[in-house]
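Enquirer: What follows is a single structure, and I will ask about it in a moment.
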Amino acid sequence: MSPRPDLGPKPKLGYIASRLERGADRRLDAAVLSALEADPRAGAYVVGGELVITKKTPQGGDPLFALADARALAEPQERVFLGLAAEAARFGIGIGQPAAETLKGRADLLVTDLRTIAVQGLVEADHLPPIAEAKALLTWHSRHRFCSNCGAPTRPLEGGWRRECPACKVEHFPRTDPVVIMLAVRGDACLLGRSARFASAMWSCLAGFVEPGESIEEAVRREVREEAGIVCGQVDYFASQPWPFPMSLMIGCHAEALTSDIKVDASELEGARWFDREEVALMLLRRHPDGLATPPPVAIAHHIIRAWVEGEARGVA
Ligand SMILES: [Zn+2]
């Protein structure tokens, strides 16, 4: 094996390690929620589709608004209870993307998409997990206004953690979509792919939705075979990450590749190829001679790739 490159201190993964206590017991009682809302310490994150509203600061933006200020920005479409920060309630308020677009014109606000906020570090890192929670939950509400069983309008309950259909009484619960994201490894090389929607020169892990009736391991093997024609054997879980685009859970894995001849599915990928450790290390460090790069540390792909480069991936050498 080639010498292990020194990548320096480990960066933090984004959207995880929320400091909010979710306070699920408070969701059930409307009077308790109203009291939390009336408390002057209560705060809200305001989301409109892909956009997050923040108060402009010299460093970027402050995304936490007093409730009255949040409501004054635009007509709220939905309000969800995210949890408690030292007994102060945190809410997510959805205003819809058109209203958020309009707010881009205000000089005192910074209104931009969550990806940009996370990658550029425009808000303090502690705000990212509750913003992710708010965005995923509010997106679910915006797409479940009508009952999928009978078509009648549904109504939100329990601080936004359930919707109920008054017509057929079916309950609807917020969804999280599982996505496998994996690094296939063979000897001293790993398989990276490029999607046409990636920034130019970026290469990353392959990924795809887990399908009904499928285990995580089966989804990993199927996706790598479908997208790159590579057969995988052992699959090892690495770590997971909530990914609010719009409401996924990324399940990071390493997989042992049993074959090496790549056959790219052009409908999924622009390209896929094997990379050795040294080349990937330069990509992680953003020092690759041709400018090739991996995703930034906010994304789990960066950590899956780095763990392999540093010899920390279980199951695969
Ligand atoms: Zn119904």
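The way I read the labels, and the way they are meant: chains A, B, ... in the order of the structure tokens, residue 1 as the first residue of every chain, and ligand 1 as the first ligand shown, with later ones counted on from there.
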Once DSSP has gone over the backbone, tell me which residues of stretch 28-167 of chain A are in strand (DSSP E or B), as a PyMOL selection string.
Expert: chain A and resi 43-48+51-57+60-62+64-66+78-85+88-94+109-113+146+153+155-157+162-164
Enquirer: Hey, could you make a per-residue contact list for stretch 90-124 of chain A against stretch 289-313 of chain A with 10 Å as the cut-off, showing the nearest pair of atoms and its distance in Å to one decimal, counting only C-alpha atoms, sorted by chain and number, as CSV?
Expert:
residue,atom,partner,partner_atom,distance
A:Arg115,CA,A:Val298,CA,9.2
A:Ala118,CA,A:Val298,CA,6.8
A:Val119,CA,A:Val298,CA,6.3
A:Gln120,CA,A:Val298,CA,9.6
A:Gly121,CA,A:Val298,CA,9.4
Enquirer: Considering only C-alpha atoms and all ligand atoms, give me a table of residues in chain A that are at most 10 Å from ligand 1, with the closest atom pair and distance in Å for each, as a tab-separated table.
Expert:
residue	atom	partner	partner_atom_place_in_ligand_line	distance
A:Phe146	CA	ligand 1	1 (Zn)	7.7
A:Cys147	CA	ligand 1	1 (Zn)	4.6
A:Ser148	CA	ligand 1	1 (Zn)	6.7
A:Asn149	CA	ligand 1	1 (Zn)	4.9
A:Cys150	CA	ligand 1	1 (Zn)	4.1
A:Gly151	CA	ligand 1	1 (Zn)	5.9
A:Ala152	CA	ligand 1	1 (Zn)	5.4
A:Pro153	CA	ligand 1	1 (Zn)	7.7
A:Thr154	CA	ligand 1	1 (Zn)	7.3
A:Glu164	CA	ligand 1	1 (Zn)	7.8
A:Cys165	CA	ligand 1	1 (Zn)	4.6
A:Pro166	CA	ligand 1	1 (Zn)	6.7
A:Ala167	CA	ligand 1	1 (Zn)	5.2
A:Cys168	CA	ligand 1	1 (Zn)	4.1
A:Lys169	CA	ligand 1	1 (Zn)	6.0
A:Val170	CA	ligand 1	1 (Zn)	5.6
A:Glu171	CA	ligand 1	1 (Zn)	8.3
A:His172	CA	ligand 1	1 (Zn)	9.4
Enquirer: For A:Trp161, work out the shell of residues within 10 Å, counting only C-alpha atoms and skipping chain neighbours fewer than 5 positions away, then give it as an NGL selection string.
Expert: :A and (24 or 27-28 or 80-82 or 137 or 141 or 156 or 172-174)
Enquirer: If DSSP is run on the backbone, what residues of stretch 5-173 of chain A are helix (DSSP H, G or I)? A reply as a PyMOL selection string would be ideal.
Expert: chain A and resi 24-28+30-38+67-73+97-103+114-120+125-142+158-160
Enquirer: Just C-alpha atoms for this one: save the residues we selected as a short mmCIF file (atom, residue, chain, number, x, y, z; two decimals), in the first residue's frame.
Expert:
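And here is the file that came out, result_37.cif:
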data_model
loop_
_atom_site.label_atom_id
_atom_site.label_comp_id
_atom_site.auth_asym_id
_atom_site.auth_seq_id
_atom_site.Cartn_x
_atom_site.Cartn_y
_atom_site.Cartn_z
CA ALA A 24 -41.51 15.58 21.44
CA ASP A 25 -43.73 15.56 24.54
CA ARG A 26 -44.52 19.26 24.00
CA ARG A 27 -45.89 18.64 20.51
CA LEU A 28 -49.03 16.93 21.78
CA ALA A 30 -51.70 22.84 21.85
CA ALA A 31 -51.83 24.97 25.03
CA VAL A 32 -48.19 24.14 25.84
CA LEU A 33 -47.17 25.04 22.28
CA SER A 34 -49.08 28.35 22.47
CA ALA A 35 -47.32 29.21 25.74
CA LEU A 36 -43.93 28.41 24.19
CA GLU A 37 -44.85 30.61 21.23
CA ALA A 38 -45.84 33.51 23.49
CA LEU A 67 -41.39 35.25 16.24
CA ALA A 68 -43.09 38.61 15.64
CA ASP A 69 -40.29 39.66 13.29
CA ALA A 70 -40.48 36.34 11.45
CA ARG A 71 -44.22 36.71 10.93
CA ALA A 72 -43.76 40.29 9.70
CA LEU A 73 -41.46 39.16 6.85
CA GLN A 97 -40.37 30.41 -2.45
CA PRO A 98 -42.06 33.37 -4.26
CA ALA A 99 -42.27 35.39 -1.01
CA ALA A 100 -38.66 34.50 -0.23
CA GLU A 101 -37.58 35.63 -3.71
CA THR A 102 -39.27 39.00 -3.04
CA LEU A 103 -37.29 39.40 0.20
CA LEU A 114 -29.13 26.44 2.13
CA ARG A 115 -26.37 24.77 0.10
CA THR A 116 -24.60 28.10 -0.36
CA ILE A 117 -25.10 28.99 3.30
CA ALA A 118 -23.60 25.68 4.44
CA VAL A 119 -20.68 25.50 2.00
CA GLN A 120 -19.69 29.15 2.48
CA ALA A 125 -22.56 26.18 12.42
CA ASP A 126 -24.97 25.52 15.32
CA HIS A 127 -27.82 26.92 13.21
CA LEU A 128 -27.38 24.40 10.38
CA PRO A 129 -29.08 21.36 12.00
CA PRO A 130 -32.28 23.23 13.04
CA ILE A 131 -32.43 24.92 9.62
CA ALA A 132 -32.12 21.48 8.00
CA GLU A 133 -34.87 20.17 10.29
CA ALA A 134 -37.10 23.13 9.45
CA LYS A 135 -36.49 22.93 5.70
CA ALA A 136 -37.15 19.18 5.47
CA LEU A 137 -40.29 19.34 7.61
CA LEU A 138 -41.70 22.44 5.89
CA THR A 139 -41.06 20.90 2.48
CA TRP A 140 -42.98 17.81 3.56
CA HIS A 141 -45.94 20.01 4.60
CA SER A 142 -45.88 21.92 1.32
CA GLU A 158 -48.85 18.30 16.90
CA GLY A 159 -46.66 21.27 16.08
CA GLY A 160 -46.29 20.06 12.51
#
Enquirer: Kindly give the distance, in Å, that separates atom CA of A:Val180 and atom CA of A:Ile251, rounded to a single decimal.
Expert: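 Calculated distance between atom CA of A:Val180 and atom CA of A:Ile251 is 4.8 Å.
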Enquirer: Identify which of the residues A:Leu110, A:Cys232, A:Met250, A:Leu20 lies closest to A:Thr176, counting only C-alpha atoms when measuring atom-to-atom distances.
Expert: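 Among the listed residues, the smallest separation from A:Thr176 belongs to A:Met250.
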Enquirer: Between A:Gln77, A:Arg162, A:Pro58, A:Ile181, which has the minimum distance to A:Leu122 (counting only C-alpha atoms)?
Expert: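 Smallest separation from A:Leu122 among the options: A:Pro58.
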Enquirer: Which residues, written as a list in words, have at least one atom at most 9 Å from A:Leu84, with only C-alpha atoms counted and residues fewer than 3 positions away on the same chain left out?
Expert: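 The filter keeps Arg19, Leu20, Glu21, Arg22, Gly23, Ala42, Phe81, Glu87, Ala88, Ala89, Arg90 and Phe91 of chain A.
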Enquirer: Using Å and a single decimal, report how far atom CA of A:Trp274 sits from atom CA of A:Gly193.
Expert: 8.9 Å
Enquirer: Quick one, how far is atom CA of A:Ile93 from atom CA of A:Gly48?
Expert: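 So the two atoms, atom CA of A:Ile93 and atom CA of A:Gly48, lie 8.4 Å apart.
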Enquirer: With distances taken over only C-alpha atoms, which residue among A:Glu217, A:Glu75, A:Asp62, A:Glu50 lies nearest A:Asp113?
Expert: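 Of A:Glu217, A:Glu75, A:Asp62, A:Glu50, the one nearest A:Asp113 is A:Glu50, counting only C-alpha atoms.
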Enquirer: My list of candidates is A:Leu258, A:Val231, A:Cys205, A:Leu249. Which is closest to A:Gly187 when distances are computed with only C-alpha atoms?
Expert: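 Comparing A:Leu258, A:Val231, A:Cys205, A:Leu249 against A:Gly187, the winner is A:Leu258.
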